[in-house]
file run-v2.json (JSON, C-alpha atoms and all ligand atoms)
[["chain", "number", "residue", "atom", "x", "y", "z"],
["A", 504, "MET", "CA", -63.61, -56.59, -49.55],
["A", 505, "GLY", "CA", -62.82, -55.01, -52.89],
["A", 506, "SER", "CA", -66.35, -53.62, -53.04],
["A", 507, "ARG", "CA", -67.45, -50.05, -53.69],
["A", 508, "HIS", "CA", -69.64, -48.18, -51.23],
["A", 509, "SER", "CA", -71.94, -45.59, -52.73],
["A", 510, "ASN", "CA", -73.08, -42.59, -50.69],
["A", 511, "ARG", "CA", -75.03, -39.88, -52.49],
["A", 512, "GLY", "CA", -73.17, -40.51, -55.71],
["A", 513, "VAL", "CA", -69.72, -40.45, -54.11],
["A", 514, "GLN", "CA", -67.96, -43.74, -54.66],
["A", 515, "VAL", "CA", -65.15, -44.88, -52.43],
["A", 516, "ALA", "CA", -63.02, -47.69, -53.75],
["A", 517, "THR", "CA", -61.79, -50.24, -51.26],
["A", 518, "GLY", "CA", -59.43, -53.08, -51.94],
["A", 519, "SER", "CA", -58.79, -53.66, -55.64],
["A", 520, "ARG", "CA", -58.61, -50.55, -57.80],
["A", 521, "LYS", "CA", -61.05, -49.76, -60.60],
["A", 522, "ARG", "CA", -60.15, -47.51, -63.56],
["A", 523, "GLY", "CA", -60.74, -43.84, -62.71],
["A", 524, "ALA", "CA", -60.91, -44.44, -58.97],
["A", 525, "GLY", "CA", -57.24, -44.97, -58.26],
["A", 526, "GLU", "CA", -53.95, -43.39, -59.13],
["A", 527, "THR", "CA", -53.11, -41.97, -62.56],
["A", 528, "LEU", "CA", -50.36, -42.99, -64.95],
["A", 529, "MET", "CA", -48.48, -39.82, -64.04],
["A", 530, "HIS", "CA", -48.66, -40.71, -60.33],
["A", 531, "LYS", "CA", -47.36, -44.19, -61.13],
["A", 532, "GLN", "CA", -44.53, -42.75, -63.23],
["A", 533, "LEU", "CA", -43.50, -40.22, -60.58],
["A", 534, "VAL", "CA", -43.45, -42.88, -57.86],
["A", 535, "GLU", "CA", -41.40, -45.16, -60.12],
["A", 536, "ASP", "CA", -38.99, -42.25, -60.62],
["A", 537, "GLY", "CA", -38.51, -42.00, -56.85],
["A", 538, "TYR", "CA", -40.92, -39.17, -56.00],
["A", 539, "PHE", "CA", -42.88, -39.22, -52.75],
["A", 540, "LEU", "CA", -46.41, -37.83, -52.58],
["A", 541, "SER", "CA", -46.02, -35.24, -49.83],
["A", 542, "GLY", "CA", -49.30, -33.37, -49.98],
["A", 543, "ARG", "CA", -52.72, -33.31, -51.58],
["A", 544, "HIS", "CA", -55.21, -30.46, -51.53],
["A", 545, "LEU", "CA", -58.68, -29.91, -52.91],
["A", 546, "VAL", "CA", -58.93, -26.40, -54.40],
["A", 547, "MET", "CA", -61.88, -24.67, -52.76],
["A", 548, "ALA", "CA", -63.36, -21.18, -53.10],
["A", 549, "PRO", "CA", -61.27, -19.51, -50.32],
["A", 550, "ASP", "CA", -58.10, -20.71, -52.11],
["A", 551, "CYS", "CA", -58.99, -18.87, -55.32],
["A", 552, "ASN", "CA", -58.31, -15.42, -56.78],
["A", 553, "ALA", "CA", -60.60, -13.06, -58.66],
["A", 554, "THR", "CA", -60.50, -15.28, -61.76],
["A", 555, "GLU", "CA", -61.80, -18.20, -59.66],
["A", 556, "ASN", "CA", -58.60, -20.14, -60.20],
["A", 557, "LEU", "CA", -56.13, -21.12, -57.49],
["A", 558, "PHE", "CA", -54.31, -18.13, -55.95],
["A", 559, "GLY", "CA", -50.55, -18.42, -56.62],
["A", 560, "GLY", "CA", -49.59, -17.55, -53.04],
["A", 561, "GLN", "CA", -51.73, -20.42, -51.75],
["A", 562, "LEU", "CA", -50.03, -22.82, -54.11],
["A", 563, "LEU", "CA", -46.58, -21.59, -53.01],
["A", 564, "SER", "CA", -47.59, -22.24, -49.40],
["A", 565, "TRP", "CA", -48.69, -25.82, -50.25],
["A", 566, "ILE", "CA", -45.42, -26.40, -52.10],
["A", 567, "ASP", "CA", -43.31, -25.10, -49.21],
["A", 568, "GLU", "CA", -45.30, -27.15, -46.68],
["A", 569, "GLY", "CA", -45.14, -30.40, -48.68],
["A", 570, "ALA", "CA", -41.44, -30.03, -49.42],
["A", 571, "ALA", "CA", -40.61, -29.09, -45.80],
["A", 572, "LEU", "CA", -42.50, -32.15, -44.56],
["A", 573, "PHE", "CA", -40.49, -34.32, -46.95],
["A", 574, "ALA", "CA", -37.19, -32.61, -46.01],
["A", 575, "GLY", "CA", -37.89, -32.85, -42.26],
["A", 576, "CYS", "CA", -38.45, -36.61, -42.54],
["A", 577, "LYS", "CA", -35.29, -37.02, -44.59],
["A", 578, "MET", "CA", -33.16, -34.82, -42.31],
["A", 579, "GLY", "CA", -34.70, -36.21, -39.13],
["A", 580, "THR", "CA", -35.56, -32.81, -37.68],
["A", 581, "ASP", "CA", -38.40, -30.32, -37.51],
["A", 582, "ARG", "CA", -35.91, -27.48, -37.04],
["A", 583, "LEU", "CA", -35.37, -26.59, -40.68],
["A", 584, "VAL", "CA", -35.84, -23.45, -42.74],
["A", 585, "THR", "CA", -36.41, -22.76, -46.40],
["A", 586, "LEU", "CA", -33.28, -21.13, -47.81],
["A", 587, "LYS", "CA", -34.06, -20.95, -51.50],
["A", 588, "MET", "CA", -36.85, -21.61, -53.94],
["A", 589, "GLY", "CA", -36.01, -22.12, -57.61],
["A", 590, "GLU", "CA", -37.82, -20.54, -60.50],
["A", 591, "ILE", "CA", -41.58, -20.91, -60.33],
["A", 592, "ILE", "CA", -43.51, -20.87, -63.57],
["A", 593, "PHE", "CA", -47.25, -21.31, -63.28],
["A", 594, "LYS", "CA", -47.63, -23.27, -66.51],
["A", 595, "VAL", "CA", -51.40, -23.66, -66.40],
["A", 596, "PRO", "CA", -54.19, -22.29, -64.19],
["A", 597, "VAL", "CA", -55.58, -24.59, -61.51],
["A", 598, "GLU", "CA", -59.36, -24.51, -61.44],
["A", 599, "ARG", "CA", -61.60, -24.74, -58.37],
["A", 600, "GLY", "CA", -62.48, -28.36, -57.62],
["A", 601, "ARG", "CA", -59.15, -29.73, -58.85],
["A", 602, "VAL", "CA", -56.92, -31.87, -56.67],
["A", 603, "VAL", "CA", -53.38, -30.52, -56.32],
["A", 604, "SER", "CA", -50.61, -33.02, -55.53],
["A", 605, "VAL", "CA", -47.10, -32.16, -54.36],
["A", 606, "TYR", "CA", -44.45, -34.76, -55.21],
["A", 607, "CYS", "CA", -40.92, -34.54, -53.79],
["A", 608, "LYS", "CA", -37.59, -36.19, -54.42],
["A", 609, "THR", "CA", -34.13, -35.49, -52.98],
["A", 610, "SER", "CA", -31.96, -33.60, -55.48],
["A", 611, "HIS", "CA", -28.95, -32.81, -53.30],
["A", 612, "GLU", "CA", -27.68, -34.01, -49.93],
["A", 613, "GLY", "CA", -25.41, -31.44, -48.28],
["A", 614, "THR", "CA", -23.99, -31.27, -44.75],
["A", 615, "THR", "CA", -26.54, -28.82, -43.35],
["A", 616, "SER", "CA", -28.69, -28.49, -46.45],
["A", 617, "LEU", "CA", -31.02, -30.65, -48.49],
["A", 618, "GLY", "CA", -32.19, -29.99, -52.04],
["A", 619, "VAL", "CA", -35.71, -31.13, -52.88],
["A", 620, "HIS", "CA", -37.06, -31.36, -56.40],
["A", 621, "VAL", "CA", -40.77, -30.68, -56.42],
["A", 622, "VAL", "CA", -43.35, -31.56, -59.06],
["A", 623, "VAL", "CA", -46.87, -30.19, -58.64],
["A", 624, "THR", "CA", -49.78, -31.64, -60.59],
["A", 625, "LYS", "CA", -53.51, -31.08, -60.88],
["A", 626, "ARG", "CA", -56.28, -33.54, -61.64],
["A", 627, "SER", "CA", -60.03, -33.76, -61.50],
["A", 628, "PHE", "CA", -61.95, -36.55, -59.84],
["A", 629, "GLU", "CA", -63.90, -37.44, -62.97],
["A", 630, "ALA", "CA", -61.36, -37.24, -65.77],
["A", 631, "GLY", "CA", -58.65, -39.18, -63.98],
["A", 632, "GLY", "CA", -55.83, -37.57, -66.00],
["A", 633, "GLU", "CA", -53.13, -35.65, -64.15],
["A", 634, "THR", "CA", -51.39, -32.53, -65.56],
["A", 635, "PRO", "CA", -48.07, -31.00, -64.46],
["A", 636, "VAL", "CA", -48.42, -27.47, -63.07],
["A", 637, "ILE", "CA", -44.99, -26.56, -61.66],
["A", 638, "ASP", "CA", -41.62, -28.12, -61.19],
["A", 639, "THR", "CA", -38.90, -26.47, -59.14],
["A", 640, "ASN", "CA", -36.10, -27.04, -56.68],
["A", 641, "ILE", "CA", -36.09, -25.97, -53.02],
["A", 642, "VAL", "CA", -33.15, -25.89, -50.60],
["A", 643, "PHE", "CA", -33.75, -26.43, -46.89],
["A", 644, "VAL", "CA", -31.21, -25.94, -44.10],
["A", 645, "SER", "CA", -31.24, -27.72, -40.76],
["A", 646, "VAL", "CA", -30.76, -25.19, -37.93],
["A", 647, "GLY", "CA", -29.94, -25.37, -34.25],
["A", 648, "GLU", "CA", -31.62, -23.54, -31.35],
["A", 649, "ASP", "CA", -29.52, -20.48, -32.26],
["A", 650, "GLY", "CA", -30.96, -20.45, -35.80],
["A", 651, "LYS", "CA", -27.55, -21.22, -37.29],
["A", 652, "PRO", "CA", -26.97, -24.08, -39.76],
["A", 653, "ARG", "CA", -26.55, -27.42, -38.02],
["A", 654, "PRO", "CA", -25.25, -30.55, -39.74],
["A", 655, "TRP", "CA", -27.79, -33.32, -40.28],
["A", 656, "ASN", "CA", -25.71, -35.44, -42.66],
["A", 657, "LEU", "CA", -22.37, -36.11, -41.00],
["A", 658, "PRO", "CA", -20.29, -39.02, -42.25],
["A", 659, "ILE", "CA", -20.32, -42.07, -39.96],
["A", 660, "ILE", "CA", -16.83, -42.49, -38.51],
["A", 661, "ASN", "CA", -15.75, -46.06, -37.88],
["A", 662, "GLN", "CA", -14.23, -46.00, -34.38],
["A", 663, "GLU", "CA", -12.90, -49.57, -34.37],
["A", 701, "LIG", "C1", -30.86, -20.58, -43.89],
["A", 701, "LIG", "C2", -29.81, -19.88, -43.03],
["A", 701, "LIG", "C3", -29.87, -20.46, -41.61],
["A", 701, "LIG", "C4", -28.44, -20.14, -43.66],
["A", 701, "LIG", "O1", -27.50, -19.45, -42.91],
["A", 701, "LIG", "P1", -26.07, -19.11, -43.59],
["A", 701, "LIG", "O2", -25.15, -18.63, -42.50],
["A", 701, "LIG", "O3", -26.27, -18.21, -44.74],
["A", 701, "LIG", "O4", -25.62, -20.55, -44.07],
["A", 701, "LIG", "P2", -24.33, -21.06, -44.80],
["A", 701, "LIG", "O5", -23.74, -20.03, -45.72],
["A", 701, "LIG", "O6", -23.42, -21.65, -43.75],
["A", 701, "LIG", "O7", -24.96, -22.24, -45.71],
["A", 701, "LIG", "C5", -25.72, -23.26, -45.12],
["A", 701, "LIG", "C6", -26.02, -24.28, -46.19],
["A", 701, "LIG", "O8", -26.78, -23.68, -47.22],
["A", 701, "LIG", "C7", -26.11, -23.84, -48.48],
["A", 701, "LIG", "N1", -26.33, -22.65, -49.27],
["A", 701, "LIG", "C8", -26.05, -21.38, -48.95],
["A", 701, "LIG", "N2", -26.42, -20.55, -49.93],
["A", 701, "LIG", "C9", -26.95, -21.35, -50.91],
["A", 701, "LIG", "C10", -27.50, -21.08, -52.18],
["A", 701, "LIG", "N3", -27.60, -19.83, -52.66],
["A", 701, "LIG", "N4", -27.96, -22.13, -52.89],
["A", 701, "LIG", "C11", -27.87, -23.38, -52.44],
["A", 701, "LIG", "N5", -27.36, -23.70, -51.22],
["A", 701, "LIG", "C12", -26.90, -22.68, -50.48],
["A", 701, "LIG", "C13", -24.64, -23.99, -48.12],
["A", 701, "LIG", "O9", -23.92, -24.67, -49.16],
["A", 701, "LIG", "C14", -24.74, -24.82, -46.85],
["A", 701, "LIG", "O10", -25.04, -26.17, -47.18],
["A", 701, "LIG", "P3", -24.10, -27.41, -46.74],
["A", 701, "LIG", "O11", -23.80, -27.27, -45.28],
["A", 701, "LIG", "O12", -24.97, -28.61, -46.98],
["A", 701, "LIG", "O13", -22.89, -27.36, -47.60],
["A", 701, "LIG", "C15", -30.07, -18.35, -42.99],
["A", 701, "LIG", "O14", -29.79, -17.81, -44.28],
["A", 701, "LIG", "C16", -31.48, -18.02, -42.56],
["A", 701, "LIG", "O15", -31.82, -18.08, -41.38],
["A", 701, "LIG", "N6", -32.35, -17.63, -43.54],
["A", 701, "LIG", "C17", -33.74, -17.34, -43.25],
["A", 701, "LIG", "C18", -34.59, -18.60, -43.46],
["A", 701, "LIG", "C19", -36.06, -18.28, -43.42],
["A", 701, "LIG", "O16", -36.50, -17.44, -42.66],
["A", 701, "LIG", "N7", -36.81, -18.96, -44.30],
["A", 701, "LIG", "C20", -38.22, -18.69, -44.46],
["A", 701, "LIG", "C21", -39.09, -19.33, -43.42],
["A", 701, "LIG", "S1", -38.77, -21.05, -43.15]]

call {"tool": "encode", "arguments": {"input": "run-v2.json", "output": "structure tokens"}}
result
Amino acid sequence: MGSRHSNRGVQVATGSRKRGAGETLMHKQLVEDGYFLSGRHLVMAPDCNATENLFGGQLLSWIDEGAALFAGCKMGTDRLVTLKMGEIIFKVPVERGRVVSVYCKTSHEGTTSLGVHVVVTKRSFEAGGETPVIDTNIVFVSVGEDGKPRPWNLPIINQE
């Protein structure tokens, strides 16, 4: 246990963490701040645009998916829709081969809605450092079979 297995130059850490093989300082900070890692993606060629960097539409899809997964768990339903996405500023390009992480934290608990603050980062396997790419807020709404808003967060009424 705690050993490293080497396979064609790819090292997989098991047990205790070695520097560079585990989580970054930014990951640690985000988790300490209450963020949940809700998605990780390796940027590959089909995800890229003509400049060989990550295509923005692909990144938006990963953000929506990661945040919806987080919101569905929080709201206790898979019947939810994205109502609103906040401003998206692509601060830096994301190069092929980078690992994109989607971190989520609840920003607002409504009756039928849930606000999710999303932080997206990129990192490379070798360098270990993690850089912020986007942060934004997304609002999801729980819906019924009819597609209309349905409460997920009703107050518990004491019936005694
Ligand atoms: C999401 C949808 C069901 C909301 O229906 P609606 O009749 O407009 O809903 P309401 O006005 O009753 O608002 C529902 C909730 O959203 C919130 N809301 C509405 N507009 C908002 C806005 N601009 N910003 C933040 N929250 C908003 C309301 O406050 C309410 O939350 P609460 O119950 O927690 O207080 C409807 O707009 C819809 O079906 N949109 C399409 C969704 C979609 O296709 N998404 C893409 C694919 S998932």

call {"tool": "residues_near_ligand", "arguments": {"input": "run-v2.json", "ligand": "ligand LIG 701 (chain A)", "cutoff": "6 Å", "atoms": "all atoms listed in the file", "output": "PyMOL selection string"}}
result
chain A and resi 584-586+613-616+644+650-652

call {"tool": "closest_residue", "arguments": {"input": "run-v2.json", "among": "A:Asn640, A:Thr554, A:Thr580, A:Ser564", "to": "A:Asn656", "atoms": "only C-alpha atoms"}}
result
A:Thr580

call {"tool": "closest_residue", "arguments": {"input": "run-v2.json", "among": "A:Pro658, A:Pro596, A:Ala553, A:His620", "to": "A:Tyr538", "atoms": "all atoms listed in the file"}}
result
A:His620

call {"tool": "closest_residue", "arguments": {"input": "run-v2.json", "among": "A:Phe539, A:Ser610, A:Leu563, A:Ile659", "to": "A:Cys576", "atoms": "only C-alpha atoms"}}
result
A:Phe539

call {"tool": "closest_residue", "arguments": {"input": "run-v2.json", "among": "A:Phe643, A:Trp655, A:Tyr606, A:Trp565", "to": "A:Gln532", "atoms": "only C-alpha atoms"}}
result
A:Tyr606

call {"tool": "closest_residue", "arguments": {"input": "run-v2.json", "among": "A:Val597, A:Leu617, A:Leu528, A:Cys551", "to": "A:Phe573", "atoms": "only C-alpha atoms"}}
result
A:Leu617

call {"tool": "residues_around", "arguments": {"input": "run-v2.json", "residues": "A:Ile637", "least_positions_apart": "5", "cutoff": "8 Å", "atoms": "only C-alpha atoms", "output": "list in words"}}
result
Ile591, Ile592, Phe593, Lys594, Val621, Val622, Val623 and Thr624 of chain A

call {"tool": "write_last_selection", "arguments": {"input": "run-v2.json", "atoms": "C-alpha atoms", "output": "compact mmCIF listing (two decimals), keeping the file's coordinate frame"}}
result
# COMPACT_ATOMS: atom_id res chain seq x y z
CA ILE A 591 -41.58 -20.91 -60.33
CA ILE A 592 -43.51 -20.87 -63.57
CA PHE A 593 -47.25 -21.31 -63.28
CA LYS A 594 -47.63 -23.27 -66.51
CA VAL A 621 -40.77 -30.68 -56.42
CA VAL A 622 -43.35 -31.56 -59.06
CA VAL A 623 -46.87 -30.19 -58.64
CA THR A 624 -49.78 -31.64 -60.59

call {"tool": "atom_distance", "arguments": {"input": "run-v2.json", "atom1": "atom CA of A:Gly575", "atom2": "atom CA of A:Ser645"}}
result
8.5 Å
